[in-house]
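J.: Provided below: structure.cif, containing mmCIF, N, CA, C and O atoms.
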```
data_final
#
loop_
_atom_site.label_atom_id
_atom_site.label_comp_id
_atom_site.auth_asym_id
_atom_site.auth_seq_id
_atom_site.Cartn_x
_atom_site.Cartn_y
_atom_site.Cartn_z
N MET A 1192 71.71 107.14 107.60
CA MET A 1192 72.65 106.44 108.47
C MET A 1192 73.28 105.28 107.72
O MET A 1192 72.64 104.63 106.92
N ALA A 1193 74.53 105.07 107.99
CA ALA A 1193 75.28 104.03 107.30
C ALA A 1193 75.74 102.96 108.27
O ALA A 1193 76.02 103.25 109.43
N THR A 1194 75.86 101.76 107.77
CA THR A 1194 76.49 100.71 108.55
C THR A 1194 77.99 100.81 108.33
O THR A 1194 78.45 101.48 107.39
N GLU A 1195 78.76 100.16 109.17
CA GLU A 1195 80.21 100.19 108.99
C GLU A 1195 80.61 99.59 107.65
O GLU A 1195 81.51 100.09 106.98
N GLN A 1196 79.91 98.55 107.24
CA GLN A 1196 80.21 97.91 105.95
C GLN A 1196 79.92 98.86 104.79
O GLN A 1196 80.71 98.96 103.84
N GLU A 1197 78.81 99.59 104.85
CA GLU A 1197 78.48 100.56 103.80
C GLU A 1197 79.51 101.69 103.77
O GLU A 1197 79.93 102.14 102.70
N LEU A 1198 79.93 102.12 104.95
CA LEU A 1198 80.92 103.17 105.05
C LEU A 1198 82.25 102.71 104.47
O LEU A 1198 82.91 103.45 103.74
N GLN A 1199 82.64 101.47 104.76
CA GLN A 1199 83.89 100.92 104.22
C GLN A 1199 83.82 100.85 102.69
O GLN A 1199 84.79 101.20 102.00
N SER A 1200 82.70 100.44 102.15
CA SER A 1200 82.52 100.37 100.71
C SER A 1200 82.63 101.76 100.07
O SER A 1200 83.28 101.94 99.05
N LEU A 1201 82.00 102.74 100.69
CA LEU A 1201 82.07 104.12 100.21
C LEU A 1201 83.51 104.61 100.26
O LEU A 1201 84.02 105.20 99.30
N PHE A 1202 84.20 104.36 101.36
CA PHE A 1202 85.59 104.77 101.52
C PHE A 1202 86.44 104.14 100.42
O PHE A 1202 87.25 104.82 99.78
N ASN A 1203 86.27 102.85 100.19
CA ASN A 1203 87.07 102.15 99.17
C ASN A 1203 86.83 102.73 97.79
O ASN A 1203 87.75 102.81 96.98
N THR A 1204 85.61 103.14 97.50
CA THR A 1204 85.29 103.75 96.22
C THR A 1204 85.97 105.11 96.08
O THR A 1204 86.51 105.44 95.02
N LEU A 1205 85.98 105.88 97.16
CA LEU A 1205 86.63 107.20 97.13
C LEU A 1205 88.15 107.09 97.05
O LEU A 1205 88.81 107.93 96.45
N ASP A 1206 88.72 106.06 97.65
CA ASP A 1206 90.18 105.87 97.70
C ASP A 1206 90.66 105.31 96.36
O ASP A 1206 91.02 104.15 96.24
N ARG A 1207 90.70 106.17 95.36
CA ARG A 1207 91.01 105.73 93.99
C ARG A 1207 92.39 105.11 93.84
O ARG A 1207 92.57 104.19 93.04
N ASP A 1208 93.38 105.62 94.57
CA ASP A 1208 94.73 105.07 94.43
C ASP A 1208 95.00 103.93 95.42
O ASP A 1208 96.11 103.40 95.47
N GLN A 1209 93.98 103.59 96.20
CA GLN A 1209 94.05 102.46 97.14
C GLN A 1209 95.23 102.55 98.11
O GLN A 1209 95.85 101.54 98.44
N ASP A 1210 95.50 103.77 98.61
CA ASP A 1210 96.60 103.94 99.56
C ASP A 1210 96.11 103.95 101.01
O ASP A 1210 96.88 104.18 101.93
N GLY A 1211 94.80 103.70 101.20
CA GLY A 1211 94.26 103.65 102.56
C GLY A 1211 93.86 105.00 103.10
O GLY A 1211 93.50 105.12 104.26
N LYS A 1212 93.93 106.03 102.24
CA LYS A 1212 93.57 107.38 102.63
C LYS A 1212 92.76 108.02 101.51
O LYS A 1212 92.97 107.72 100.34
N VAL A 1213 91.87 108.93 101.89
CA VAL A 1213 91.12 109.70 100.90
C VAL A 1213 91.62 111.13 100.98
O VAL A 1213 91.49 111.79 102.00
N SER A 1214 92.21 111.59 99.88
CA SER A 1214 92.75 112.94 99.82
C SER A 1214 91.65 113.93 99.43
O SER A 1214 90.58 113.54 98.96
N ILE A 1215 91.94 115.19 99.59
CA ILE A 1215 91.00 116.23 99.17
C ILE A 1215 90.72 116.12 97.68
O ILE A 1215 89.59 116.31 97.24
N ASN A 1216 91.74 115.77 96.88
CA ASN A 1216 91.54 115.61 95.44
C ASN A 1216 90.58 114.47 95.15
O ASN A 1216 89.72 114.59 94.27
N GLU A 1217 90.71 113.36 95.86
CA GLU A 1217 89.81 112.23 95.65
C GLU A 1217 88.38 112.60 96.04
O GLU A 1217 87.43 112.17 95.38
N LEU A 1218 88.22 113.40 97.08
CA LEU A 1218 86.88 113.85 97.46
C LEU A 1218 86.27 114.72 96.36
O LEU A 1218 85.09 114.58 96.05
N PHE A 1219 87.07 115.60 95.77
CA PHE A 1219 86.55 116.46 94.72
C PHE A 1219 86.29 115.71 93.41
O PHE A 1219 85.46 116.13 92.60
N LEU A 1220 86.97 114.59 93.19
CA LEU A 1220 86.75 113.80 91.98
C LEU A 1220 85.43 113.04 92.01
O LEU A 1220 84.96 112.57 90.99
N SER A 1221 84.83 112.91 93.18
CA SER A 1221 83.57 112.19 93.34
C SER A 1221 82.57 113.06 94.09
O SER A 1221 82.26 112.80 95.26
N PRO A 1222 82.04 114.11 93.45
CA PRO A 1222 81.16 115.03 94.17
C PRO A 1222 79.92 114.38 94.76
O PRO A 1222 79.48 114.75 95.85
N GLY A 1223 79.35 113.40 94.11
CA GLY A 1223 78.17 112.72 94.64
C GLY A 1223 78.49 111.96 95.91
O GLY A 1223 77.75 112.03 96.90
N LEU A 1224 79.62 111.25 95.90
CA LEU A 1224 80.03 110.51 97.09
C LEU A 1224 80.46 111.46 98.19
O LEU A 1224 80.21 111.21 99.37
N SER A 1225 81.08 112.56 97.83
CA SER A 1225 81.47 113.57 98.83
C SER A 1225 80.24 114.14 99.52
O SER A 1225 80.27 114.43 100.72
N ALA A 1226 79.16 114.30 98.77
CA ALA A 1226 77.92 114.81 99.36
C ALA A 1226 77.38 113.82 100.40
O ALA A 1226 76.87 114.23 101.45
N ILE A 1227 77.49 112.54 100.11
CA ILE A 1227 77.06 111.51 101.07
C ILE A 1227 77.92 111.59 102.32
O ILE A 1227 77.40 111.58 103.44
N ILE A 1228 79.23 111.70 102.14
CA ILE A 1228 80.14 111.83 103.28
C ILE A 1228 79.78 113.06 104.10
O ILE A 1228 79.71 113.00 105.33
N SER A 1229 79.54 114.18 103.44
CA SER A 1229 79.18 115.41 104.15
C SER A 1229 77.91 115.23 104.97
O SER A 1229 77.84 115.66 106.12
N SER A 1230 76.91 114.58 104.39
CA SER A 1230 75.67 114.39 105.13
C SER A 1230 75.85 113.43 106.30
O SER A 1230 75.27 113.63 107.37
N GLU A 1231 76.67 112.41 106.13
CA GLU A 1231 76.90 111.43 107.20
C GLU A 1231 77.75 111.99 108.34
O GLU A 1231 77.69 111.50 109.46
N THR A 1232 78.57 113.01 108.05
CA THR A 1232 79.46 113.57 109.06
C THR A 1232 79.00 114.95 109.53
O THR A 1232 79.67 115.57 110.36
N ASN A 1233 77.89 115.43 108.99
CA ASN A 1233 77.37 116.76 109.33
C ASN A 1233 78.38 117.86 109.03
O ASN A 1233 78.53 118.81 109.79
N THR A 1234 79.10 117.72 107.92
CA THR A 1234 80.02 118.76 107.46
C THR A 1234 79.45 119.33 106.16
O THR A 1234 78.63 118.70 105.51
N THR A 1235 79.92 120.52 105.79
CA THR A 1235 79.37 121.16 104.60
C THR A 1235 80.26 121.04 103.37
O THR A 1235 79.82 121.34 102.27
N SER A 1236 81.51 120.60 103.57
CA SER A 1236 82.44 120.52 102.44
C SER A 1236 83.57 119.55 102.75
O SER A 1236 83.84 119.25 103.92
N PRO A 1237 84.28 119.09 101.70
CA PRO A 1237 85.45 118.25 101.95
C PRO A 1237 86.50 118.97 102.81
O PRO A 1237 87.14 118.36 103.65
N GLN A 1238 86.64 120.29 102.60
CA GLN A 1238 87.61 121.04 103.40
C GLN A 1238 87.25 120.99 104.87
O GLN A 1238 88.11 120.82 105.73
N GLU A 1239 85.97 121.17 105.19
CA GLU A 1239 85.55 121.13 106.60
C GLU A 1239 85.78 119.74 107.18
O GLU A 1239 86.20 119.61 108.33
N LEU A 1240 85.51 118.71 106.40
CA LEU A 1240 85.76 117.34 106.86
C LEU A 1240 87.23 117.18 107.26
O LEU A 1240 87.53 116.65 108.34
N LEU A 1241 88.13 117.66 106.42
CA LEU A 1241 89.56 117.55 106.72
C LEU A 1241 89.94 118.37 107.95
O LEU A 1241 90.67 117.89 108.82
N VAL A 1242 89.45 119.59 108.03
CA VAL A 1242 89.80 120.46 109.16
C VAL A 1242 89.33 119.84 110.47
O VAL A 1242 90.06 119.83 111.47
N ARG A 1243 88.12 119.29 110.47
CA ARG A 1243 87.54 118.77 111.71
C ARG A 1243 88.02 117.38 112.09
O ARG A 1243 88.11 117.06 113.28
N TYR A 1244 88.31 116.53 111.11
CA TYR A 1244 88.52 115.10 111.43
C TYR A 1244 89.85 114.50 110.98
O TYR A 1244 90.09 113.32 111.23
N ASP A 1245 90.72 115.26 110.35
CA ASP A 1245 92.04 114.75 109.97
C ASP A 1245 92.94 114.81 111.20
O ASP A 1245 93.74 115.71 111.37
N SER A 1246 92.82 113.81 112.06
CA SER A 1246 93.48 113.85 113.37
C SER A 1246 95.00 113.86 113.29
O SER A 1246 95.66 114.44 114.15
N ASP A 1247 95.57 113.23 112.27
CA ASP A 1247 97.04 113.23 112.16
C ASP A 1247 97.54 114.36 111.25
O ASP A 1247 98.73 114.48 111.00
N GLU A 1248 96.61 115.17 110.77
CA GLU A 1248 96.91 116.37 109.97
C GLU A 1248 97.83 116.09 108.78
O GLU A 1248 98.72 116.87 108.45
N ASP A 1249 97.56 114.97 108.08
CA ASP A 1249 98.36 114.63 106.90
C ASP A 1249 97.69 115.05 105.60
O ASP A 1249 98.17 114.75 104.52
N GLY A 1250 96.56 115.73 105.69
CA GLY A 1250 95.88 116.22 104.49
C GLY A 1250 94.96 115.21 103.84
O GLY A 1250 94.49 115.41 102.73
N SER A 1251 94.69 114.11 104.54
CA SER A 1251 93.79 113.09 104.01
C SER A 1251 93.04 112.43 105.17
O SER A 1251 93.39 112.61 106.32
N ILE A 1252 92.02 111.68 104.81
CA ILE A 1252 91.18 111.01 105.79
C ILE A 1252 91.36 109.50 105.66
O ILE A 1252 91.21 108.95 104.57
N THR A 1253 91.67 108.85 106.77
CA THR A 1253 91.74 107.39 106.78
C THR A 1253 90.33 106.85 107.08
O THR A 1253 89.45 107.61 107.48
N PHE A 1254 90.16 105.56 106.93
CA PHE A 1254 88.86 104.98 107.25
C PHE A 1254 88.52 105.19 108.71
O PHE A 1254 87.38 105.52 109.04
N GLU A 1255 89.49 105.03 109.59
CA GLU A 1255 89.22 105.20 111.02
C GLU A 1255 88.80 106.64 111.33
O GLU A 1255 87.93 106.87 112.17
N GLU A 1256 89.43 107.62 110.68
CA GLU A 1256 89.05 109.01 110.88
C GLU A 1256 87.63 109.26 110.37
O GLU A 1256 86.84 109.95 111.01
N LEU A 1257 87.31 108.68 109.22
CA LEU A 1257 85.96 108.82 108.67
C LEU A 1257 84.94 108.15 109.58
O LEU A 1257 83.89 108.72 109.88
N LYS A 1258 85.25 106.95 110.03
CA LYS A 1258 84.35 106.23 110.93
C LYS A 1258 84.11 107.04 112.20
O LYS A 1258 82.97 107.17 112.67
N SER A 1259 85.16 107.62 112.75
CA SER A 1259 85.04 108.45 113.94
C SER A 1259 84.14 109.65 113.68
O SER A 1259 83.30 110.01 114.53
N ALA A 1260 84.27 110.27 112.53
CA ALA A 1260 83.45 111.43 112.18
C ALA A 1260 81.98 111.05 112.09
O ALA A 1260 81.10 111.77 112.59
N VAL A 1261 81.69 109.91 111.48
CA VAL A 1261 80.31 109.45 111.35
C VAL A 1261 79.75 109.07 112.72
O VAL A 1261 78.60 109.38 113.03
N GLU A 1262 80.56 108.45 113.55
CA GLU A 1262 80.12 108.10 114.91
C GLU A 1262 79.81 109.36 115.71
O GLU A 1262 78.80 109.42 116.42
N LYS A 1263 80.66 110.39 115.62
CA LYS A 1263 80.43 111.63 116.34
C LYS A 1263 79.14 112.32 115.88
O LYS A 1263 78.50 113.01 116.65
N ALA A 1264 78.78 112.13 114.61
CA ALA A 1264 77.55 112.70 114.08
C ALA A 1264 76.34 111.80 114.38
O ALA A 1264 75.23 112.10 113.97
N ASN A 1265 76.59 110.70 115.09
CA ASN A 1265 75.54 109.72 115.43
C ASN A 1265 74.84 109.17 114.20
O ASN A 1265 73.63 108.95 114.22
N ASN A 1266 75.61 108.91 113.14
CA ASN A 1266 75.04 108.39 111.91
C ASN A 1266 75.56 107.00 111.55
O ASN A 1266 75.36 106.54 110.44
N LEU A 1267 76.23 106.33 112.50
CA LEU A 1267 76.70 104.97 112.22
C LEU A 1267 75.75 104.00 112.89
O LEU A 1267 75.49 104.10 114.09
N THR A 1268 75.22 103.07 112.10
CA THR A 1268 74.27 102.09 112.67
C THR A 1268 74.93 100.73 112.78
O THR A 1268 75.93 100.48 112.19
#
```
The structure in this file should be written as structure tokens.

T.:
Amino acid sequence: MATEQELQSLFNTLDRDQDGKVSINELFLSPGLSAIISSETNTTSPQELLVRYDSDEDGSITFEELKSAVEKANNLT
């Protein structure tokens, strides 16, 4: 389980271009961090994360979308 601060730190690390979104490419560039995201959101892959939680369907995950996914998985402390 992650705190919101830990989740924000993880998101910032994944967001390599600092555009406020994590793209599928950024997820694949950090397989270890992607595995943490998958476990926190109960998804099996970056693709599943995008399909299930990319609410605006722009092909990337914002912090709010990630936070929502972790909350839905009951893994935010």

J.: As a ChimeraX atom specification, list the residues of chain A assigned to alpha helix (DSSP H) by DSSP on the backbone atoms of this structure.

T.: /A:1195-1205,1215-1220,1222-1232,1237-1244,1254-1263

J.: Could you produce a table of the residues of stretch 1220-1239 of chain A lying within 6 Å of stretch 1261-1268 of chain A, with the nearest pair of atoms per residue and their separation in Å rounded to one decimal, using all atoms listed in the file, ordered by chain and increasing residue number, as a Markdown table?

T.:
```
| residue | atom | partner | partner_atom | distance |
| --- | --- | --- | --- | --- |
| A:Glu1231 | O | A:Val1261 | CA | 3.8 |
| A:Thr1232 | CA | A:Val1261 | CA | 4.8 |
| A:Asn1233 | N | A:Ala1264 | CA | 5.8 |
```

J.: Please return as a PyMOL selection string: the residues of chain A that backbone DSSP assigns to strand (DSSP E).

T.: chain A and resi 1212-1214+1251-1253

J.: Evaluate the PyMOL selection byres ((chain A and resi 1251-1256) around 5) on the structure here and hand back the selected residues as an MDAnalysis selection string.

T.: chainID A and resid 1211:1214 1244:1245 1249:1250 1257:1260

J.: May I ask which of the residues A:Leu1205, A:Leu1224, A:Gln1196, A:Leu1218 is the closest one to A:Leu1240, counting only C-alpha atoms?

T.: A:Leu1218

J.: Rounded to one decimal, what separation in Å do you get between atom CA of A:Asp1208 and atom CA of A:Met1192?

T.: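 Atom-to-atom, atom CA of A:Asp1208 to atom CA of A:Met1192, that is 26.2 Å.
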
J.: Have a look at A:Ser1246, A:Thr1194, A:Gln1209, A:Thr1204 and name the one nearest to A:Gly1223; count only C-alpha atoms.

T.: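 Ranking A:Ser1246, A:Thr1194, A:Gln1209, A:Thr1204 by distance to A:Gly1223, first place goes to A:Thr1204.
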
J.: Return stretch 1237-1248 of chain A, completed with all heavy atoms, as a CSV table (one decimal), in the coordinates of the input.

T.:
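That gives us out34.csv:
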```csv
chain,number,residue,atom,x,y,z
A,1237,PRO,N,84.3,119.1,101.7
A,1237,PRO,CA,85.4,118.2,102.0
A,1237,PRO,C,86.5,119.0,102.8
A,1237,PRO,O,87.1,118.4,103.6
A,1237,PRO,CB,86.0,118.0,100.5
A,1237,PRO,CG,84.8,118.0,99.7
A,1237,PRO,CD,84.0,119.2,100.3
A,1238,GLN,N,86.6,120.3,102.6
A,1238,GLN,CA,87.6,121.0,103.4
A,1238,GLN,C,87.2,121.0,104.9
A,1238,GLN,O,88.1,120.8,105.7
A,1238,GLN,CB,87.7,122.5,102.9
A,1238,GLN,CG,88.2,122.7,101.5
A,1238,GLN,CD,87.1,122.8,100.5
A,1238,GLN,OE1,86.0,122.2,100.6
A,1238,GLN,NE2,87.4,123.5,99.5
A,1239,GLU,N,86.0,121.2,105.2
A,1239,GLU,CA,85.6,121.1,106.6
A,1239,GLU,C,85.8,119.7,107.2
A,1239,GLU,O,86.2,119.6,108.3
A,1239,GLU,CB,84.1,121.5,106.7
A,1239,GLU,CG,83.6,121.5,108.2
A,1239,GLU,CD,82.2,121.8,108.4
A,1239,GLU,OE1,81.4,122.1,107.4
A,1239,GLU,OE2,81.7,121.8,109.5
A,1240,LEU,N,85.5,118.7,106.4
A,1240,LEU,CA,85.8,117.3,106.9
A,1240,LEU,C,87.2,117.2,107.3
A,1240,LEU,O,87.5,116.6,108.3
A,1240,LEU,CB,85.4,116.3,105.8
A,1240,LEU,CG,85.7,114.9,106.1
A,1240,LEU,CD1,84.7,114.3,107.2
A,1240,LEU,CD2,85.6,114.0,104.8
A,1241,LEU,N,88.1,117.7,106.4
A,1241,LEU,CA,89.6,117.6,106.7
A,1241,LEU,C,89.9,118.4,108.0
A,1241,LEU,O,90.7,117.9,108.8
A,1241,LEU,CB,90.4,118.0,105.5
A,1241,LEU,CG,90.5,117.0,104.4
A,1241,LEU,CD1,91.2,117.6,103.2
A,1241,LEU,CD2,91.3,115.7,104.9
A,1242,VAL,N,89.4,119.6,108.0
A,1242,VAL,CA,89.8,120.5,109.2
A,1242,VAL,C,89.3,119.8,110.5
A,1242,VAL,O,90.1,119.8,111.5
A,1242,VAL,CB,89.2,121.9,109.0
A,1242,VAL,CG1,89.3,122.7,110.2
A,1242,VAL,CG2,89.9,122.6,107.8
A,1243,ARG,N,88.1,119.3,110.5
A,1243,ARG,CA,87.5,118.8,111.7
A,1243,ARG,C,88.0,117.4,112.1
A,1243,ARG,O,88.1,117.1,113.3
A,1243,ARG,CB,86.0,118.8,111.6
A,1243,ARG,CG,85.4,120.2,111.6
A,1243,ARG,CD,84.0,120.2,111.5
A,1243,ARG,NE,83.3,119.6,112.6
A,1243,ARG,CZ,82.0,119.4,112.6
A,1243,ARG,NH1,81.2,119.8,111.6
A,1243,ARG,NH2,81.4,118.8,113.6
A,1244,TYR,N,88.3,116.5,111.1
A,1244,TYR,CA,88.5,115.1,111.4
A,1244,TYR,C,89.8,114.5,111.0
A,1244,TYR,O,90.1,113.3,111.2
A,1244,TYR,CB,87.4,114.3,110.9
A,1244,TYR,CG,86.1,114.7,111.5
A,1244,TYR,CD1,85.1,115.4,110.8
A,1244,TYR,CD2,85.8,114.4,112.8
A,1244,TYR,CE1,83.9,115.7,111.4
A,1244,TYR,CE2,84.6,114.7,113.4
A,1244,TYR,CZ,83.7,115.4,112.7
A,1244,TYR,OH,82.5,115.8,113.3
A,1245,ASP,N,90.7,115.3,110.4
A,1245,ASP,CA,92.0,114.8,110.0
A,1245,ASP,C,92.9,114.8,111.2
A,1245,ASP,O,93.7,115.7,111.4
A,1245,ASP,CB,92.6,115.6,108.8
A,1245,ASP,CG,94.0,115.1,108.4
A,1245,ASP,OD1,94.4,114.0,108.7
A,1245,ASP,OD2,94.6,115.9,107.6
A,1246,SER,N,92.8,113.8,112.1
A,1246,SER,CA,93.5,113.8,113.4
A,1246,SER,C,95.0,113.9,113.3
A,1246,SER,O,95.7,114.4,114.2
A,1246,SER,CB,93.0,112.7,114.3
A,1246,SER,OG,93.3,111.5,113.7
A,1247,ASP,N,95.6,113.2,112.3
A,1247,ASP,CA,97.0,113.2,112.2
A,1247,ASP,C,97.5,114.4,111.2
A,1247,ASP,O,98.7,114.5,111.0
A,1247,ASP,CB,97.6,111.9,111.7
A,1247,ASP,CG,97.0,111.4,110.3
A,1247,ASP,OD1,96.3,112.2,109.7
A,1247,ASP,OD2,97.3,110.3,110.0
A,1248,GLU,N,96.6,115.2,110.8
A,1248,GLU,CA,96.9,116.4,110.0
A,1248,GLU,C,97.8,116.1,108.8
A,1248,GLU,O,98.7,116.9,108.4
A,1248,GLU,CB,97.5,117.5,110.9
A,1248,GLU,CG,96.5,117.9,111.9
A,1248,GLU,CD,97.1,119.0,112.8
A,1248,GLU,OE1,98.3,119.3,112.7
A,1248,GLU,OE2,96.3,119.5,113.7
```
